[in-house]
Amino acid sequence: MNYKINFNENKTKQVEQAVKVLTSWIGEPDSNSTRTFTFLTMQNNSEEIQKLKLENANKLKQLDDFLIFFDKNAVQNEEGEIFLLSVGDRGLANGIYYLHMKLKEYQILDPFSINWHDFQTPHFETRGIVLNFPFRLEGLSTDTWSLSQWKEYLNRIRSFNYTSVEYLMGAWTLFHPDIKELKKDSWQYDLAEEIFQHAAEIGLEIALLVVFNQIHPDLWIKFPEIRATLWGYQGISYCSQKGKELGEKILKYTLNRFKNVPSNSLFAFEGGGCNCEFCRNNIVDLIVKYLELIRETAEPERLFFVTWFANFKENFETPAIKGLRNKLFSKVPKDVKIADVNRKTLQMAADQGYEIFDFIFFIDPEAGMENQAIFPRPHLNLLKERISGSIQEFGLKLKGVFGYRIIPKARFINDYALGRYLWNPEIEVEDLVSEIAGLLSANITEKEQITRAILLLEDFWRNLEKTKLKECKKILKTIIKQQKNVPEPLKSIHEAITILNLLFKYYTHDSKRRKEGILDKIFYLMRDMDTFHCYTTYKFWDVVSREVIKQRVNWWTDPKSGLFNPKSLPWNSLSKAKYHLIDNKKDVLAWMQFSEIVSSAKLLISQKFKNFFRKLLKKS
Ligand SMILES: [Zn+2]
């Protein structure tokens with residue numbers, strides 16, 4: 001492709017990164033060319049923009065908006081100027097990503113061979129994704145990633161037009177230079193600093209997701225006296241009455257350390273709500289104080305509060321904290337933004353005058369189930385319904401949406417789908433698939449095949465029909481064989497589908513001998529797979545690795561909690577569970593056993609018995 005770029009003072013790192021993505025498809029620019037991309041922003045070139053008198057230019061209002069204009073019939077051969085207009089760098093970069101995506105969708109290398117008349121503005125101003133979960137699966141989960149792996153993924157997310165990453169500062173990440181137990185983990189903050197720097201450069205906002213009363217597991221072990229009484233997440237939380245000093249020392253250090261990174265703070269109290277009498281009775285005041293501490297220390301542009309566990313504490317825990325949400329919304333400052341998965345909670349918050357944000361577990365379900373988060377699972381139709389449902393319910397009151405991404409490696413399809421729906425919730429599923437397939441393809445035949453593969457896969461997860469998965473695998477295998485350099489997203493999708501196909505065989509076969517054979521095959525295949533080498537000899541001796549994989553396969557295919565329990569498929573669930581909008585116990589999906597609640601309740605009862613007998617013994 002023969003073209004040059006006229007940056008007009010708009011050459012920033014954010015724009016450069018977008019250009020890199022575009023040139024990866026159309027080739028490098030040539031300054032002698034007579035065909036030009038002209039990038040203009042209101043920020044630097046408002047006079048030039050006015051002179052052009054382009055239709056829709058007056059619509060450019062939001063930071064994300066962009067306008068692309070080119071009339072190929074108005075120019076001679078080998079000439080022409082494609083105008084890309086925006087408010088600032090952000091919209092400019094969005095426009096360049098859009099050009100790249102559309103060219104790939106049409107599988108056209110020459111942007112000057114077609115007309116461009118596009119004005120684009122997003123439906124949601126805030127489009128986020130929650131990252132950094134502690135699965136310790138080398139290469140698969142982000143907590144094991146190097147800076148370059150992070151950069152690659154953040155670049156991808158940015159090119160899908162997300163605005164922000166909610167970076168989970170989980171218990172295992174926490175660090176303070178004066179605490180010797182945490183010294184070994186100092187690299188995590190160094191790495192985070194570099195990750196945040198890169199995110200800022202390419203136009204992604206980072207929101208630190210700090211969790212109420214979290215403490216590093218090593219300190220939880222060292223100081224048994226500060227431990228929270230807790231449902232479900234033992235080992236990571238302190239009791240407000242006992243561990244406040246140490247906990248807040250680390251929190252303050254953390255917030256100060258990352259103060260210079262353009263970021264908001266985001267805060268949840270899941271996992272941190274101690275269940276002792278003091279904490280239960282004072283939970284609302286404790287949370288409000290914690291929010292104040294974050295605000296004073298971090299001085300965030302926006303402060304979010306994820307309230308999802310308020311519903312949990314009201315409806316699932318024993319004993320429940322009745323009326324918790326009402327109490328919270330009477331005391332949490334009104335300028336704090338409320339994010340929740342539960343529609344009733346969001347409605348209560350909106351009624352009280354808070355800005356509300358939808359929190360979607362849908363692209364990766366909550367409950368820490370590894371199997372539910374590893375394999376590609378396109379939810380293109382359901383995701384559209386889920387988002388449309390929220391828009392219908394809340395309209396303009398809904399200011400943004402956060403997705404939940406636990407293990408990103410092979411989840412390209414849903415990552416794109418969510419980002420795209422948040423930009424344009426009305427896009428047809430068919431058009432969405434066409435865009436995704438375009439991004440994963442090198443030519444038009446491939447694009448048609450990948451389109452089919454994606455649709456087959458979505459279908460497989462509707463009814464677990466073996467032939468659909470098999471055909472999807474076959475298509476991907478053929479494409480991979482044809483390509484010399486298989487691009488990363490396609491490679492990991494193919495590897496994951498290959499294993500998924502074997503898992504389904506393992507699940508459906510009864511013969512022990514056949515099952516052993518499938519296990520062997522999975523073991524040998526995983527050894528060579530970038531996606532799954534975390535389970536193999538890369539980490540373990542052969543014999544250990546095989547055992548690890550065997551246990552994994554049994555867990556992943558368990559008839560009740562595994563991948564293929566028909567009852568666990570959203571389509572077969574109650575309408576609320578279908579979209580992971582869970583209000584109470586009867587809504588939960590089959591794999592969400594909430595077994596930890598049952599075991600915690602048992603623990604509590606046995607403790608009460610022990611205390612009772614202890615007292616009895618003392619008396620006698
Ligand atoms: Zn407590």
# chains A, B, ... in the order shown; residues from 1 in each chain; ligands from 1

$ residues_around --residues "Tyr253 (chain A)" --least-positions-apart "3" --cutoff "9 Å" --atoms "only C-alpha atoms" --output "list of chain:residue names"
A:Phe175, A:His176, A:Pro177, A:Glu248, A:Lys249, A:Ile250, A:Asn256, A:Arg257, A:Phe258

$ closest_atom_pairs --of "chain A" --to "ligand 1" --cutoff "6 Å" --atoms "only C-alpha atoms and all ligand atoms" --output "CSV"
residue,atom,partner,partner_atom_place_in_ligand_line,distance
A:Ala228,CA,ligand 1,1 (Zn),5.4
A:Cys239,CA,ligand 1,1 (Zn),3.7
A:Ser240,CA,ligand 1,1 (Zn),5.2
A:Gln241,CA,ligand 1,1 (Zn),5.6
A:Cys274,CA,ligand 1,1 (Zn),4.5
A:Asn275,CA,ligand 1,1 (Zn),5.8
A:Cys276,CA,ligand 1,1 (Zn),4.3
A:Phe278,CA,ligand 1,1 (Zn),5.7
A:Cys279,CA,ligand 1,1 (Zn),4.4

$ residues_around --residues "Tyr3 (chain A)" --least-positions-apart "6" --cutoff "9 Å" --atoms "only C-alpha atoms" --output "PyMOL selection string"
chain A and resi 28-37
